[in-house]
$ cat run-v9.pdb   # PDB, C-alpha atoms, pLDDT in the B column
MODEL        1
ATOM      1  CA  MET A   1       0.000   0.000   0.000  1.00 90.00           C
ATOM      2  CA  LEU A   2       1.223   3.506  -0.796  1.00 94.00           C
ATOM      3  CA  SER A   3       2.342   5.515   2.220  1.00 92.00           C
ATOM      4  CA  GLY A   4      -0.246   8.151   3.176  1.00 93.00           C
ATOM      5  CA  TYR A   5      -2.961   6.670   0.953  1.00 96.00           C
ATOM      6  CA  ALA A   6      -6.613   7.509   1.578  1.00 95.00           C
ATOM      7  CA  ASN A   7      -9.475   7.009  -0.859  1.00 94.00           C
ATOM      8  CA  ASP A   8      -9.803  10.630  -2.073  1.00 96.00           C
ATOM      9  CA  ALA A   9      -8.147  12.536  -4.931  1.00 96.00           C
ATOM     10  CA  ALA A  10      -5.941  14.823  -2.803  1.00 96.00           C
ATOM     11  CA  SER A  11      -4.619  11.925  -0.718  1.00 97.00           C
ATOM     12  CA  VAL A  12      -3.954   9.767  -3.788  1.00 97.00           C
ATOM     13  CA  ASP A  13      -2.002  12.648  -5.358  1.00 97.00           C
ATOM     14  CA  ARG A  14       0.056  13.105  -2.156  1.00 97.00           C
ATOM     15  CA  ALA A  15       0.706   9.352  -1.859  1.00 97.00           C
ATOM     16  CA  VAL A  16       1.903   9.057  -5.479  1.00 96.00           C
ATOM     17  CA  ARG A  17       4.108  12.142  -5.121  1.00 96.00           C
ATOM     18  CA  SER A  18       5.530  10.620  -1.934  1.00 96.00           C
ATOM     19  CA  PHE A  19       6.306   7.421  -3.875  1.00 95.00           C
ATOM     20  CA  ILE A  20       8.055   9.464  -6.587  1.00 94.00           C
ATOM     21  CA  GLY A  21      10.067  11.386  -3.966  1.00 94.00           C
ATOM     22  CA  ALA A  22      11.096   8.181  -2.222  1.00 94.00           C
ATOM     23  CA  ASN A  23      12.386   6.726  -5.505  1.00 93.00           C
ATOM     24  CA  THR A  24      14.548   9.491  -6.952  1.00 90.00           C
ATOM     25  CA  ASN A  25      16.933   6.831  -8.247  1.00 89.00           C
ATOM     26  CA  LEU A  26      14.146   5.844 -10.676  1.00 88.00           C
ATOM     27  CA  PHE A  27      12.484   9.200 -11.333  1.00 87.00           C
ATOM     28  CA  GLY A  28      15.107  11.855 -10.675  1.00 86.00           C
ATOM     29  CA  ALA A  29      14.146  15.180  -9.134  1.00 85.00           C
ATOM     30  CA  ALA A  30      11.568  16.382 -11.654  1.00 87.00           C
ATOM     31  CA  THR A  31       9.069  19.177 -11.060  1.00 91.00           C
ATOM     32  CA  LEU A  32       5.602  17.847 -11.867  1.00 94.00           C
ATOM     33  CA  ARG A  33       2.220  19.451 -12.542  1.00 95.00           C
ATOM     34  CA  THR A  34      -0.853  17.353 -11.754  1.00 96.00           C
ATOM     35  CA  VAL A  35      -2.918  16.819 -14.896  1.00 96.00           C
ATOM     36  CA  ARG A  36      -5.617  14.561 -13.439  1.00 97.00           C
ATOM     37  CA  VAL A  37      -6.524  12.379 -10.495  1.00 97.00           C
ATOM     38  CA  ASN A  38      -9.675  10.445 -11.406  1.00 97.00           C
ATOM     39  CA  ARG A  39     -11.277   7.320 -10.046  1.00 97.00           C
ATOM     40  CA  THR A  40     -13.020   4.937 -12.414  1.00 97.00           C
ATOM     41  CA  GLY A  41     -14.373   1.800 -10.794  1.00 96.00           C
ATOM     42  CA  ASP A  42     -11.709   0.506  -8.400  1.00 96.00           C
ATOM     43  CA  VAL A  43      -8.783   2.278 -10.076  1.00 97.00           C
ATOM     44  CA  TRP A  44      -7.350   5.751  -9.550  1.00 97.00           C
ATOM     45  CA  TYR A  45      -5.782   7.232 -12.705  1.00 97.00           C
ATOM     46  CA  VAL A  46      -3.107   9.801 -11.841  1.00 97.00           C
ATOM     47  CA  SER A  47      -1.337  11.823 -14.555  1.00 97.00           C
ATOM     48  CA  TYR A  48       1.453  14.374 -14.312  1.00 96.00           C
ATOM     49  CA  ARG A  49       3.370  16.552 -16.746  1.00 95.00           C
ATOM     50  CA  GLN A  50       6.981  17.519 -16.103  1.00 92.00           C
ATOM     51  CA  THR A  51       7.617  21.279 -16.011  1.00 91.00           C
ATOM     52  CA  LEU A  52      10.700  23.425 -16.391  1.00 88.00           C
ATOM     53  CA  ASP A  53      10.638  27.088 -15.325  1.00 87.00           C
ATOM     54  CA  GLY A  54       6.832  26.872 -15.182  1.00 88.00           C
ATOM     55  CA  MET A  55       6.468  25.546 -18.737  1.00 90.00           C
ATOM     56  CA  ASP A  56       5.324  22.055 -19.645  1.00 90.00           C
ATOM     57  CA  VAL A  57       7.994  19.809 -21.114  1.00 88.00           C
ATOM     58  CA  LEU A  58       6.428  18.186 -24.162  1.00 88.00           C
ATOM     59  CA  PHE A  59       6.395  14.382 -24.314  1.00 87.00           C
ATOM     60  CA  SER A  60       7.082  14.066 -20.579  1.00 90.00           C
ATOM     61  CA  ASP A  61       3.896  12.377 -19.425  1.00 92.00           C
ATOM     62  CA  TRP A  62       3.858  10.437 -16.167  1.00 95.00           C
ATOM     63  CA  GLU A  63       1.035   7.937 -15.568  1.00 96.00           C
ATOM     64  CA  PHE A  64       0.197   6.002 -12.419  1.00 97.00           C
ATOM     65  CA  ARG A  65      -2.598   3.523 -11.629  1.00 97.00           C
ATOM     66  CA  VAL A  66      -3.551   2.928  -8.007  1.00 97.00           C
ATOM     67  CA  HIS A  67      -6.105   0.346  -6.874  1.00 97.00           C
ATOM     68  CA  ALA A  68      -8.803   1.529  -4.481  1.00 96.00           C
ATOM     69  CA  SER A  69      -7.071  -0.567  -1.800  1.00 96.00           C
ATOM     70  CA  GLY A  70      -3.999   1.715  -2.105  1.00 96.00           C
ATOM     71  CA  LYS A  71      -1.713  -0.651  -3.993  1.00 96.00           C
ATOM     72  CA  LEU A  72       0.274   0.808  -6.874  1.00 96.00           C
ATOM     73  CA  MET A  73      -0.714  -1.257  -9.907  1.00 95.00           C
ATOM     74  CA  MET A  74       1.277   0.354 -12.713  1.00 95.00           C
ATOM     75  CA  PHE A  75       3.340   3.391 -13.591  1.00 94.00           C
ATOM     76  CA  GLY A  76       5.089   4.810 -16.620  1.00 93.00           C
ATOM     77  CA  ALA A  77       7.237   7.918 -16.679  1.00 88.00           C
ATOM     78  CA  ASP A  78       8.715   9.680 -19.703  1.00 85.00           C
ATOM     79  CA  GLY A  79      10.977  11.972 -17.703  1.00 76.00           C
ATOM     80  CA  HIS A  80      13.737  14.130 -19.107  1.00 73.00           C
ATOM     81  CA  ALA A  81      16.828  15.476 -17.394  1.00 72.00           C
ATOM     82  CA  PRO A  82      16.329  19.189 -16.714  1.00 66.00           C
ATOM     83  CA  ALA A  83      18.132  21.562 -19.056  1.00 64.00           C
ATOM     84  CA  LYS A  84      19.076  25.126 -18.258  1.00 64.00           C
ATOM     85  CA  MET A  85      16.536  27.512 -19.785  1.00 59.00           C
ATOM     86  CA  PRO A  86      17.652  30.916 -21.080  1.00 61.00           C
ATOM     87  CA  SER A  87      16.729  33.871 -18.885  1.00 60.00           C
ATOM     88  CA  ARG A  88      13.403  35.485 -19.767  1.00 57.00           C
ATOM     89  CA  GLY A  89      13.449  38.527 -17.470  1.00 55.00           C
ATOM     90  CA  GLY A  90      13.357  42.008 -18.992  1.00 49.00           C
ATOM     91  CA  SER A  91      12.885  41.041 -22.614  1.00 45.00           C
ATOM     92  CA  ASP A  92      10.174  39.831 -24.916  1.00 46.00           C
ATOM     93  CA  ARG A  93      10.210  36.614 -26.960  1.00 48.00           C
ATOM     94  CA  ARG A  94      11.884  38.304 -29.964  1.00 47.00           C
ATOM     95  CA  GLY A  95      14.915  39.253 -27.882  1.00 46.00           C
ATOM     96  CA  GLY A  96      14.069  42.967 -27.581  1.00 44.00           C
ATOM     97  CA  ARG A  97      13.525  44.996 -24.434  1.00 43.00           C
ATOM     98  CA  ALA A  98      10.129  44.944 -22.781  1.00 41.00           C
ATOM     99  CA  ARG A  99       7.907  47.695 -24.163  1.00 42.00           C
ATOM    100  CA  GLY A 100       6.052  50.137 -21.971  1.00 42.00           C
ATOM    101  CA  GLY A 101       4.061  53.346 -22.204  1.00 41.00           C
ATOM    102  CA  ALA A 102       0.987  54.328 -24.190  1.00 44.00           C
ATOM    103  CA  HIS A 103       2.588  54.543 -27.636  1.00 44.00           C
ATOM    104  CA  GLY A 104       5.085  51.665 -27.499  1.00 43.00           C
ATOM    105  CA  ARG A 105       7.890  53.885 -26.168  1.00 43.00           C
ATOM    106  CA  GLN A 106      10.840  52.194 -24.553  1.00 43.00           C
ATOM    107  CA  SER A 107      10.475  51.980 -20.817  1.00 40.00           C
ATOM    108  CA  SER A 108      13.355  53.439 -18.842  1.00 41.00           C
ATOM    109  CA  THR A 109      12.942  50.608 -16.326  1.00 40.00           C
ATOM    110  CA  PRO A 110      13.158  47.121 -17.803  1.00 39.00           C
ATOM    111  CA  ARG A 111      10.394  44.828 -16.658  1.00 41.00           C
ATOM    112  CA  ALA A 112       9.359  41.291 -17.452  1.00 40.00           C
ATOM    113  CA  THR A 113       6.322  40.828 -19.644  1.00 38.00           C
ATOM    114  CA  THR A 114       3.673  38.214 -19.043  1.00 40.00           C
ATOM    115  CA  SER A 115       0.677  37.214 -21.104  1.00 40.00           C
ATOM    116  CA  SER A 116      -1.904  34.490 -21.308  1.00 43.00           C
ATOM    117  CA  ALA A 117      -0.021  33.145 -24.341  1.00 44.00           C
ATOM    118  CA  ALA A 118       3.134  32.726 -22.255  1.00 45.00           C
ATOM    119  CA  ALA A 119       1.196  30.642 -19.747  1.00 47.00           C
ATOM    120  CA  SER A 120       0.289  28.134 -22.482  1.00 52.00           C
ATOM    121  CA  CYS A 121       3.823  27.773 -23.889  1.00 55.00           C
ATOM    122  CA  SER A 122       5.688  24.505 -23.710  1.00 56.00           C
ATOM    123  CA  CYS A 123       9.247  23.438 -24.231  1.00 58.00           C
ATOM    124  CA  CYS A 124      10.418  20.345 -26.016  1.00 60.00           C
ATOM    125  CA  PRO A 125      13.363  18.314 -24.695  1.00 59.00           C
ATOM    126  CA  THR A 126      16.310  18.049 -27.051  1.00 55.00           C
ATOM    127  CA  ARG A 127      19.578  16.178 -26.919  1.00 53.00           C
ATOM    128  CA  PRO A 128      22.832  18.119 -27.125  1.00 55.00           C
ATOM    129  CA  ARG A 129      25.025  17.654 -30.153  1.00 52.00           C
ATOM    130  CA  PRO A 130      28.184  15.611 -29.524  1.00 58.00           C
ATOM    131  CA  GLY A 131      30.846  17.947 -28.148  1.00 57.00           C
ATOM    132  CA  SER A 132      28.282  20.682 -27.404  1.00 50.00           C
ATOM    133  CA  SER A 133      27.748  22.046 -23.915  1.00 51.00           C
ATOM    134  CA  THR A 134      24.227  23.351 -24.611  1.00 48.00           C
ATOM    135  CA  ALA A 135      20.974  21.450 -24.357  1.00 46.00           C
ATOM    136  CA  SER A 136      19.499  22.943 -27.519  1.00 47.00           C
ATOM    137  CA  SER A 137      20.306  21.942 -31.037  1.00 47.00           C
ATOM    138  CA  PRO A 138      19.858  23.815 -34.310  1.00 52.00           C
ATOM    139  CA  ARG A 139      17.275  22.895 -36.893  1.00 54.00           C
ATOM    140  CA  PRO A 140      18.262  19.884 -38.915  1.00 56.00           C
ATOM    141  CA  LYS A 141      19.723  20.742 -42.295  1.00 60.00           C
ATOM    142  CA  SER A 142      17.538  19.795 -45.217  1.00 64.00           C
ATOM    143  CA  ARG A 143      18.977  17.502 -47.819  1.00 67.00           C
ATOM    144  CA  PRO A 144      18.674  18.191 -51.536  1.00 67.00           C
ATOM    145  CA  PRO A 145      16.365  15.826 -53.424  1.00 66.00           C
ATOM    146  CA  ILE A 146      17.924  12.787 -55.036  1.00 68.00           C
ATOM    147  CA  ARG A 147      17.718  13.092 -58.807  1.00 69.00           C
ATOM    148  CA  ARG A 148      18.185  10.105 -61.057  1.00 69.00           C
ATOM    149  CA  PRO A 149      17.764   9.916 -64.800  1.00 72.00           C
ATOM    150  CA  ILE A 150      14.763   7.972 -66.065  1.00 74.00           C
ATOM    151  CA  GLY A 151      15.390   5.359 -68.628  1.00 61.00           C
TER     152      GLY A 151
ENDMDL
END
$ encode --input "run-v9.pdb" --output "structure tokens"
Amino acid sequence: MLSGYANDAASVDRAVRSFIGANTNLFGAATLRTVRVNRTGDVWYVSYRQTLDGMDVLFSDWEFRVHASGKLMMFGADGHAPAKMPSRGGSDRRGGRARGGAHGRQSSTPRATTSSAAASCSCCPTRPRPGSSTASSPRPKSRPPIRRPIG
């Protein structure tokens, strides 16, 4: 039985998070956002999404199934090692300074911008190139089409 288990959504969430925290050798030290904790029949379905700097990490879904008796039945975790995100303070997404004022004048005091669009952004995990110290990689180069004579 999971430690701290009780038959309600909040307790199931706490018990699964406790299991994750007790098994960092399996899961690492990921920051997780609860997606759902639902009971259907005798099974609790618990889903998480890994986050990095408040943004969801795409393709990092964590699923757990807990029987109503409190026994962990199944889990699957697509976790990714955290990468260092570039700083976002004081500039907009295009790399310019944050705008302020009524007519788009430059603000004399830099300030971070937030929007509802920023809250829905996600990041996608990437693997570093061999010999690279960064966690991001450039776009893949396109290859020219293969042309062969007919006949």
$ residues_around --input "run-v9.pdb" --residues "Ala6 in chain A" --least-positions-apart "4" --cutoff "9 Å" --atoms "all atoms listed in the file" --output "list of chain:residue names"
A:Ala10, A:Ser11, A:Val12, A:Ala15, A:Ala68, A:Ser69, A:Gly70
$ closest_residue --input "run-v9.pdb" --among "A:Val16, A:Asp56, A:Gln50, A:Ala9" --to "Met74 in chain A" --atoms "only C-alpha atoms"
A:Val16
$ resolve_selection --input "run-v9.pdb" --expression "the PyMOL selection byres ((chain A and resi 61) around 7)" --output "list in words"
Tyr48, Arg49, Gln50, Phe59, Ser60, Trp62, Glu63, Ala77 and Asp78 of chain A
$ atom_distance --input "run-v9.pdb" --atom1 "CA of Thr51 in chain A" --atom2 "CA of Ala29 in chain A"
11.3 Å
$ atom_distance --input "run-v9.pdb" --atom1 "CA of Gly4 in chain A" --atom2 "CA of Gly28 in chain A"
21.0 Å
$ atom_distance --input "run-v9.pdb" --atom1 "CA of Val43 in chain A" --atom2 "CA of Arg65 in chain A"
6.5 Å
$ resolve_selection --input "run-v9.pdb" --expression "the PyMOL selection byres ((chain A and resi 39) around 12)" --output "VMD selection string"
chain A and resid 7 to 10 12 to 13 36 to 38 40 to 47 64 to 68
$ write_last_selection --input "run-v9.pdb" --atoms "C-alpha atoms" --output "short mmCIF file (atom, residue, chain, number, x, y, z; two decimals), in the frame of the given file"
data_model
loop_
_atom_site.label_atom_id
_atom_site.label_comp_id
_atom_site.auth_asym_id
_atom_site.auth_seq_id
_atom_site.Cartn_x
_atom_site.Cartn_y
_atom_site.Cartn_z
CA ASN A 7 -9.48 7.01 -0.86
CA ASP A 8 -9.80 10.63 -2.07
CA ALA A 9 -8.15 12.54 -4.93
CA ALA A 10 -5.94 14.82 -2.80
CA VAL A 12 -3.95 9.77 -3.79
CA ASP A 13 -2.00 12.65 -5.36
CA ARG A 36 -5.62 14.56 -13.44
CA VAL A 37 -6.52 12.38 -10.50
CA ASN A 38 -9.68 10.44 -11.41
CA THR A 40 -13.02 4.94 -12.41
CA GLY A 41 -14.37 1.80 -10.79
CA ASP A 42 -11.71 0.51 -8.40
CA VAL A 43 -8.78 2.28 -10.08
CA TRP A 44 -7.35 5.75 -9.55
CA TYR A 45 -5.78 7.23 -12.70
CA VAL A 46 -3.11 9.80 -11.84
CA SER A 47 -1.34 11.82 -14.56
CA PHE A 64 0.20 6.00 -12.42
CA ARG A 65 -2.60 3.52 -11.63
CA VAL A 66 -3.55 2.93 -8.01
CA HIS A 67 -6.10 0.35 -6.87
CA ALA A 68 -8.80 1.53 -4.48
#
$ axis_aligned_box --input "run-v9.pdb" --around "range 34-43 of chain A" --padding-each-side "6 Å" --output "lines of an AutoDock Vina configuration file"
center_x = -7.6
center_y = 8.9
center_z = -11.6
size_x = 25.5
size_y = 28.8
size_z = 18.5
$ closest_residue --input "run-v9.pdb" --among "A:Val35, A:Leu58, A:Ala30, A:Leu72" --to "Met1 in chain A" --atoms "all atoms listed in the file"
A:Leu72
$ closest_residue --input "run-v9.pdb" --among "A:Met73, A:Ala81, A:Leu32, A:Leu2" --to "Phe19 in chain A" --atoms "all atoms listed in the file"
A:Leu2
$ closest_residue --input "run-v9.pdb" --among "A:Gly54, A:Pro149, A:Tyr5, A:Ser18" --to "Lys71 in chain A" --atoms "all atoms listed in the file"
A:Tyr5
$ closest_residue --input "run-v9.pdb" --among "A:Thr34, A:Gly21, A:Ser3, A:Phe27" --to "His80 in chain A" --atoms "all atoms listed in the file"
A:Phe27
